[in-house]
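Next comes start.csv, with CSV, C-alpha atoms.
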```csv
chain,number,residue,atom,x,y,z
A,919,MET,CA,0.0,0.0,0.0
A,920,THR,CA,1.9,3.0,-1.2
A,921,GLY,CA,-0.3,6.0,-1.9
A,922,PHE,CA,-3.7,7.5,-2.6
A,923,GLN,CA,-5.4,10.2,-4.7
A,924,ILE,CA,-8.5,12.1,-3.6
A,925,PRO,CA,-11.0,12.1,-6.5
A,926,LYS,CA,-12.5,15.3,-7.7
A,927,HIS,CA,-16.0,14.2,-6.9
A,928,VAL,CA,-15.3,14.1,-3.2
A,929,HIS,CA,-15.8,17.3,-1.3
A,930,VAL,CA,-14.7,17.9,2.3
A,931,GLY,CA,-16.0,19.9,5.3
A,932,ASP,CA,-14.8,20.3,8.8
A,933,THR,CA,-16.8,19.8,12.0
A,934,SER,CA,-16.5,21.7,15.3
A,935,HIS,CA,-15.4,18.7,17.3
A,936,GLY,CA,-12.4,17.9,15.1
A,937,GLY,CA,-13.9,15.4,12.7
A,938,THR,CA,-14.6,15.7,9.0
A,939,VAL,CA,-17.5,15.2,6.7
A,940,LEU,CA,-17.1,14.0,3.1
A,941,PHE,CA,-19.7,14.3,0.3
A,942,ASN,CA,-19.6,12.1,-2.7
A,943,THR,CA,-21.2,13.9,-5.7
A,944,ARG,CA,-21.4,10.7,-7.7
A,945,SER,CA,-23.5,8.8,-5.1
A,946,GLY,CA,-25.1,11.7,-3.2
A,947,GLN,CA,-23.8,10.1,0.1
A,948,TRP,CA,-22.5,11.9,3.1
A,949,TYR,CA,-19.9,10.4,5.4
A,950,ALA,CA,-18.6,11.5,8.8
A,951,MET,CA,-15.1,10.7,10.1
A,952,ASN,CA,-13.8,10.9,13.6
A,953,GLY,CA,-10.6,12.9,14.5
A,954,THR,CA,-8.1,10.0,14.0
A,955,ALA,CA,-9.6,9.1,10.6
A,956,ARG,CA,-9.5,12.8,9.8
A,957,THR,CA,-5.7,12.9,10.5
A,958,LEU,CA,-5.1,10.0,8.2
A,959,TRP,CA,-7.3,11.5,5.5
A,960,GLU,CA,-5.5,14.9,5.7
A,961,GLU,CA,-2.0,13.3,5.4
A,962,TRP,CA,-3.2,11.1,2.5
A,963,HIS,CA,-4.6,14.2,0.9
A,964,ARG,CA,-1.5,16.3,1.5
A,965,THR,CA,1.2,13.7,0.7
A,966,GLY,CA,-0.6,10.8,-1.0
A,967,ASP,CA,1.7,8.5,1.1
A,968,PHE,CA,0.0,5.8,3.2
A,969,ASP,CA,3.0,5.0,5.4
A,970,PHE,CA,3.8,8.6,6.2
A,971,ALA,CA,0.2,9.1,7.4
A,972,VAL,CA,0.5,6.0,9.6
A,973,ARG,CA,3.7,7.2,11.1
A,974,THR,CA,2.1,10.6,11.8
A,975,VAL,CA,-0.8,9.1,13.7
A,976,ALA,CA,1.5,6.6,15.5
A,977,ASP,CA,3.6,9.6,16.7
A,978,ARG,CA,0.5,11.2,18.3
A,979,PHE,CA,-0.3,8.0,20.2
A,980,PRO,CA,3.0,6.6,21.4
A,981,ARG,CA,1.4,4.2,23.9
A,982,VAL,CA,-0.4,2.4,21.0
A,983,ARG,CA,1.6,-0.3,19.2
A,984,TYR,CA,2.6,0.7,15.7
A,985,ASP,CA,1.2,-2.5,14.1
A,986,ARG,CA,-2.2,-1.7,15.7
A,987,VAL,CA,-2.2,1.8,14.2
A,988,ARG,CA,-1.2,0.4,10.8
A,989,LEU,CA,-3.9,-2.2,10.9
A,990,ASP,CA,-6.6,0.4,11.8
A,991,ALA,CA,-5.3,2.6,9.0
A,992,GLU,CA,-5.6,-0.2,6.6
A,993,ARG,CA,-9.2,-0.7,7.6
A,994,VAL,CA,-9.9,3.0,7.2
A,995,ALA,CA,-8.2,3.0,3.8
A,996,GLY,CA,-10.1,-0.1,2.7
A,997,ASP,CA,-13.4,1.4,3.7
A,998,LEU,CA,-12.6,4.7,1.9
A,999,VAL,CA,-11.7,2.9,-1.3
A,1000,GLU,CA,-14.8,0.7,-1.1
A,1001,ARG,CA,-17.0,3.8,-0.9
A,1002,GLY,CA,-15.2,5.6,-3.7
A,1003,LEU,CA,-13.7,8.3,-1.5
A,1004,VAL,CA,-10.1,7.7,-2.4
A,1005,ASN,CA,-8.3,6.1,-5.4
A,1006,PRO,CA,-5.5,3.7,-4.5
A,1007,CYS,CA,-2.1,3.9,-6.1
A,1008,GLY,CA,-0.9,0.6,-4.7
A,1009,GLU,CA,-2.2,-2.6,-3.2
A,1010,LEU,CA,-4.9,-2.3,-0.6
A,1011,ALA,CA,-5.8,-4.5,2.3
A,1012,PRO,CA,-9.4,-5.8,2.6
A,1013,ALA,CA,-11.9,-3.3,3.7
A,1014,GLY,CA,-12.6,-3.2,7.4
A,1015,ARG,CA,-16.0,-3.0,9.0
A,1016,ASP,CA,-15.3,-1.1,12.2
A,1017,LEU,CA,-14.3,2.2,10.7
A,1018,ARG,CA,-16.2,5.1,12.2
A,1019,LEU,CA,-17.6,6.3,8.9
A,1020,GLU,CA,-21.3,7.0,9.0
A,1021,ALA,CA,-23.1,7.3,5.7
A,1022,ALA,CA,-26.4,9.1,5.2
A,1023,LYS,CA,-28.3,10.2,2.2
A,1024,SER,CA,-28.6,13.9,1.6
A,1025,THR,CA,-32.3,13.8,2.5
A,1026,SER,CA,-32.9,15.9,5.6
A,1027,GLY,CA,-35.9,18.1,5.3
A,1028,GLU,CA,-36.7,21.7,6.1
A,1029,THR,CA,-40.0,23.5,5.7
A,1030,VAL,CA,-39.7,26.9,4.0
A,1031,LYS,CA,-42.5,29.3,3.3
A,1032,PRO,CA,-41.2,32.2,1.1
A,1033,ALA,CA,-43.5,34.8,-0.5
A,1034,GLY,CA,-43.5,36.6,-3.8
A,1035,THR,CA,-44.3,35.9,-7.4
A,1036,VAL,CA,-42.5,36.0,-10.7
A,1037,ARG,CA,-44.1,35.7,-14.2
A,1038,ARG,CA,-44.8,32.1,-15.1
A,1039,SER,CA,-43.2,30.9,-11.8
A,1040,SER,CA,-45.9,28.3,-11.1
A,1041,ALA,CA,-45.3,26.5,-14.4
A,1042,ALA,CA,-41.5,26.8,-14.1
A,1043,GLY,CA,-41.7,25.6,-10.5
A,1044,LEU,CA,-43.8,22.6,-11.4
A,1045,LEU,CA,-41.4,21.8,-14.3
A,1046,GLY,CA,-38.4,22.3,-12.1
A,1047,LEU,CA,-39.8,20.0,-9.4
A,1048,LEU,CA,-40.7,17.3,-11.9
A,1049,LEU,CA,-37.3,17.4,-13.4
A,1050,ALA,CA,-35.7,17.3,-9.9
A,1051,LEU,CA,-37.8,14.2,-8.9
A,1052,CYS,CA,-36.7,12.4,-12.1
A,1053,LEU,CA,-33.1,13.3,-11.7
A,1054,LEU,CA,-32.9,12.2,-8.1
A,1055,ARG,CA,-34.0,8.7,-9.1
A,1056,LEU,CA,-30.8,8.5,-11.1
A,1057,PRO,CA,-27.2,8.4,-9.8
A,1058,PHE,CA,-26.5,11.7,-8.0
A,1059,ARG,CA,-23.8,12.7,-10.4
A,1060,VAL,CA,-26.5,13.1,-13.1
A,1061,SER,CA,-28.1,15.8,-11.0
A,1062,VAL,CA,-24.8,17.6,-10.4
A,1063,HIS,CA,-24.0,17.5,-14.2
A,1064,THR,CA,-27.5,18.7,-15.1
A,1065,VAL,CA,-27.4,21.7,-12.8
A,1066,ASP,CA,-23.9,22.6,-14.1
A,1067,VAL,CA,-25.0,22.4,-17.8
A,1068,LEU,CA,-28.3,24.3,-17.3
A,1069,LYS,CA,-26.7,27.1,-15.4
A,1070,GLN,CA,-24.0,27.5,-18.1
A,1071,ARG,CA,-26.2,27.2,-21.1
A,1072,ARG,CA,-29.5,28.7,-20.1
A,1073,SER,CA,-28.9,31.1,-17.1
A,1074,ARG,CA,-28.1,34.6,-18.3
A,1075,ARG,CA,-28.4,36.7,-15.2
A,1076,PRO,CA,-28.5,36.1,-11.4
A,1077,ALA,CA,-32.0,35.8,-9.9
A,1078,THR,CA,-33.1,38.4,-7.5
A,1079,MET,CA,-34.1,37.3,-4.0
A,1080,HIS,CA,-37.7,38.1,-4.9
A,1081,GLN,CA,-37.5,35.9,-8.0
A,1082,ALA,CA,-35.8,33.0,-6.1
A,1083,GLU,CA,-38.3,33.2,-3.3
A,1084,ALA,CA,-41.2,33.1,-5.8
A,1085,MET,CA,-39.7,30.1,-7.5
A,1086,LEU,CA,-39.2,28.2,-4.3
A,1087,ALA,CA,-42.8,29.0,-3.3
A,1088,ALA,CA,-44.0,27.6,-6.7
A,1089,VAL,CA,-41.9,24.5,-6.2
A,1090,ARG,CA,-43.4,23.9,-2.7
A,1091,ARG,CA,-46.9,24.4,-4.0
A,1092,ALA,CA,-46.3,21.8,-6.6
A,1093,GLY,CA,-44.7,19.5,-3.9
A,1094,ASN,CA,-47.7,19.8,-1.7
A,1095,ARG,CA,-49.7,18.0,-4.4
A,1096,TYR,CA,-47.1,15.3,-5.0
A,1097,PRO,CA,-48.0,12.1,-3.1
A,1098,GLY,CA,-44.3,11.2,-2.5
A,1099,ARG,CA,-41.5,12.7,-0.5
A,1100,VAL,CA,-40.5,16.3,-1.1
A,1101,ALA,CA,-38.0,17.9,1.3
A,1102,CYS,CA,-35.0,20.1,1.2
A,1103,LEU,CA,-33.1,18.2,-1.5
A,1104,GLU,CA,-36.1,18.1,-3.9
A,1105,ASP,CA,-37.2,21.7,-3.0
A,1106,SER,CA,-33.7,23.2,-3.5
A,1107,LEU,CA,-32.9,21.3,-6.7
A,1108,GLY,CA,-36.3,22.0,-8.2
A,1109,THR,CA,-35.9,25.7,-7.4
A,1110,VAL,CA,-32.4,26.0,-9.1
A,1111,LEU,CA,-33.7,24.0,-12.1
A,1112,GLY,CA,-36.8,26.1,-12.4
A,1113,LEU,CA,-34.8,29.3,-12.3
A,1114,ALA,CA,-32.3,28.0,-14.8
A,1115,LEU,CA,-35.1,27.1,-17.2
A,1116,ALA,CA,-36.3,30.7,-16.8
A,1117,GLY,CA,-32.9,32.0,-17.7
A,1118,LEU,CA,-31.9,32.9,-14.1
A,1119,THR,CA,-29.1,31.6,-11.9
A,1120,ALA,CA,-28.9,30.7,-8.2
A,1121,ASP,CA,-26.6,28.5,-6.2
A,1122,TRP,CA,-27.5,25.0,-5.1
A,1123,CYS,CA,-25.8,24.4,-1.8
A,1124,LEU,CA,-25.2,21.2,0.1
A,1125,GLY,CA,-23.7,21.1,3.6
A,1126,SER,CA,-23.6,19.6,7.0
A,1127,ALA,CA,-23.8,20.4,10.7
A,1128,ASP,CA,-22.6,18.3,13.6
A,1129,ASP,CA,-23.7,17.3,17.2
A,1130,PRO,CA,-25.6,15.5,15.9
A,1131,TYR,CA,-24.6,15.1,12.3
A,1132,ARG,CA,-27.2,16.6,10.0
A,1133,PHE,CA,-27.1,17.1,6.2
A,1134,HIS,CA,-29.0,19.8,4.3
A,1135,ALA,CA,-29.6,21.3,0.8
A,1136,TRP,CA,-30.7,24.8,0.2
A,1137,VAL,CA,-30.6,27.7,-2.4
A,1138,GLU,CA,-28.5,30.9,-2.2
A,1139,VAL,CA,-28.6,34.1,-4.2
A,1140,LEU,CA,-25.4,36.1,-4.0
A,1141,GLY,CA,-24.5,34.3,-0.8
A,1142,LYS,CA,-27.9,34.8,0.9
A,1143,THR,CA,-30.2,31.9,1.8
A,1144,VAL,CA,-33.5,31.9,0.0
A,1145,THR,CA,-35.7,31.4,3.1
A,1146,ARG,CA,-37.5,33.7,5.6
A,1147,PRO,CA,-35.3,34.5,8.7
A,1148,GLU,CA,-37.6,32.6,11.1
A,1149,ASP,CA,-37.3,29.4,8.9
A,1150,ASP,CA,-33.6,29.6,8.3
A,1151,ASP,CA,-31.4,27.4,10.5
A,1152,ARG,CA,-28.7,27.3,7.9
A,1153,VAL,CA,-26.4,29.2,10.3
A,1154,HIS,CA,-25.6,25.9,11.8
A,1155,PHE,CA,-24.8,24.3,8.4
A,1156,GLN,CA,-21.4,24.5,6.7
A,1157,ARG,CA,-21.3,24.6,2.9
A,1158,VAL,CA,-19.5,21.6,1.5
A,1159,LEU,CA,-20.6,21.8,-2.2
A,1160,VAL,CA,-21.9,24.8,-4.1
A,1161,LEU,CA,-23.1,24.5,-7.7
```

When written as structure tokens, how does the structure in this file appear?
Amino acid sequence: MTGFQIPKHVHVGDTSHGGTVLFNTRSGQWYAMNGTARTLWEEWHRTGDFDFAVRTVADRFPRVRYDRVRLDAERVAGDLVERGLVNPCGELAPAGRDLRLEAAKSTSGETVKPAGTVRRSSAAGLLGLLLALCLLRLPFRVSVHTVDVLKQRRSRRPATMHQAEAMLAAVRRAGNRYPGRVACLEDSLGTVLGLALAGLTADWCLGSADDPYRFHAWVEVLGKTVTRPEDDDRVHFQRVLVL
């Protein structure tokens, strides 16, 4: 086992208690790592050298036998590779099952009740939501690619906060009539897609909060969250991916 590369589809965020969250844009999965796994990850990211990372951790815990540290690191590495979070440059040990990596779909919900209208927002909101619901049934990387393409090819100017709030309201009205699940992921993606189809651009943000770990998706316009202040708890969420 000689080295690693961190793939471009993996995005990283820090937590207040010393851990790290990872977001895989191909699968739409979030992962949480404890502080020790984070140290290994940071050294692999910085140097790409497995053995150097093991020595770094071993130096921090001199009372723990080196072979135990290396075995735990091999289990961490195996689990990271199995989940597509690192690419190996050498032989890997079998994936372990006791790694403190916790996976969760980006599906936490938030109720938002914005106000305002834009021309044809109801039709665009319905179309945006339907497109979002279809995309989210496919591998998550398809949603990421679609947002990127639509924003580049169709979006000509930034949406105003009023326009973005109106689109989000239209998406939520359409979602209230949908018999299945519609929460923050569907709302935010539908809003960004609806705006893009109308020739407007807004940012699709995905992030995390800890203690306990929570994962969230929302919309921003020029760095401001598209929700009413009383509904907005995003102050506790750190942006990990912005599209």

* Pick from A:Glu1138, A:Leu1047, A:Ser1126, A:Phe979, whichever lies nearest to Arg1095 in chain A using only C-alpha atoms ->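 Looking at the shortest contact to Arg1095 in chain A, the residue is A:Leu1047.
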
* Asked: What gap, in Å, lies between CA of Pro1076 in chain A and CA of Leu1118 in chain A?
  ->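 Distance reported for this atom pair: 5.4 Å.
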
* Asked: Between A:Met1079, A:Ala1050, A:Val1158, A:Val1062, which is the closest to Cys1102 in chain A once you count all atoms listed in the file?
  ->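 Going through A:Met1079, A:Ala1050, A:Val1158, A:Val1062 one by one, the smallest distance to Cys1102 in chain A is for A:Ala1050.
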
* CA of Pro1057 in chain A and CA of Val1139 in chain A, how far apart in Å? -> 26.3 Å

* Asked: Out of A:His1134, A:His1154, A:Arg986, A:Arg1091, which residue has the shortest atom-to-atom distance to Phe941 in chain A when counting all atoms listed in the file?
  ->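 Checking each candidate against Phe941 in chain A, we get A:His1134 as the closest.
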
* Asked: Using only C-alpha atoms, which residue out of A:Leu1049, A:Leu1113, A:Leu1086, A:Leu989 lies closest to Arg1072 in chain A?
  ->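 The shortest atom-to-atom distance to Arg1072 in chain A comes from A:Leu1113.
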
* To do: Give me, please, the distance in Å between CA of Gln1081 in chain A and CA of Phe1058 in chain A, quoted to one decimal.
  => 26.6 Å

* Quick one: of A:Ser1040, A:Asn952, A:Ser1061, A:Asn942, who's nearest to Ala1088 in chain A, counting all atoms listed in the file? ->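 Counting all atoms listed in the file, the residue closest to Ala1088 in chain A is A:Ser1040.
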
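Shortest atom-to-atom contact with Gln1070 in chain A among A:Ala1041, A:Cys1052, A:Leu1161, A:Val987: A:Leu1161, counting all atoms listed in the file.
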
* Quick one: residues within 12 Å of Val1110 in chain A, only C-alpha atoms counted, chain neighbours fewer than 5 positions away excluded, as a ChimeraX atom specification? -> /A:1042-1043,1045-1047,1049-1050,1061-1062,1064-1069,1072-1073,1076-1077,1081-1086,1088-1089,1103-1105,1115-1123,1135-1139,1144,1160-1161

Store the residues of this selection in a file with C-alpha atoms, as a tab-separated table (two decimals), keeping the file's coordinate frame.
```
chain	number	residue	atom	x	y	z
A	1042	ALA	CA	-41.50	26.80	-14.10
A	1043	GLY	CA	-41.70	25.60	-10.50
A	1045	LEU	CA	-41.40	21.80	-14.30
A	1046	GLY	CA	-38.40	22.30	-12.10
A	1047	LEU	CA	-39.80	20.00	-9.40
A	1049	LEU	CA	-37.30	17.40	-13.40
A	1050	ALA	CA	-35.70	17.30	-9.90
A	1061	SER	CA	-28.10	15.80	-11.00
A	1062	VAL	CA	-24.80	17.60	-10.40
A	1064	THR	CA	-27.50	18.70	-15.10
A	1065	VAL	CA	-27.40	21.70	-12.80
A	1066	ASP	CA	-23.90	22.60	-14.10
A	1067	VAL	CA	-25.00	22.40	-17.80
A	1068	LEU	CA	-28.30	24.30	-17.30
A	1069	LYS	CA	-26.70	27.10	-15.40
A	1072	ARG	CA	-29.50	28.70	-20.10
A	1073	SER	CA	-28.90	31.10	-17.10
A	1076	PRO	CA	-28.50	36.10	-11.40
A	1077	ALA	CA	-32.00	35.80	-9.90
A	1081	GLN	CA	-37.50	35.90	-8.00
A	1082	ALA	CA	-35.80	33.00	-6.10
A	1083	GLU	CA	-38.30	33.20	-3.30
A	1084	ALA	CA	-41.20	33.10	-5.80
A	1085	MET	CA	-39.70	30.10	-7.50
A	1086	LEU	CA	-39.20	28.20	-4.30
A	1088	ALA	CA	-44.00	27.60	-6.70
A	1089	VAL	CA	-41.90	24.50	-6.20
A	1103	LEU	CA	-33.10	18.20	-1.50
A	1104	GLU	CA	-36.10	18.10	-3.90
A	1105	ASP	CA	-37.20	21.70	-3.00
A	1115	LEU	CA	-35.10	27.10	-17.20
A	1116	ALA	CA	-36.30	30.70	-16.80
A	1117	GLY	CA	-32.90	32.00	-17.70
A	1118	LEU	CA	-31.90	32.90	-14.10
A	1119	THR	CA	-29.10	31.60	-11.90
A	1120	ALA	CA	-28.90	30.70	-8.20
A	1121	ASP	CA	-26.60	28.50	-6.20
A	1122	TRP	CA	-27.50	25.00	-5.10
A	1123	CYS	CA	-25.80	24.40	-1.80
A	1135	ALA	CA	-29.60	21.30	0.80
A	1136	TRP	CA	-30.70	24.80	0.20
A	1137	VAL	CA	-30.60	27.70	-2.40
A	1138	GLU	CA	-28.50	30.90	-2.20
A	1139	VAL	CA	-28.60	34.10	-4.20
A	1144	VAL	CA	-33.50	31.90	0.00
A	1160	VAL	CA	-21.90	24.80	-4.10
A	1161	LEU	CA	-23.10	24.50	-7.70
```
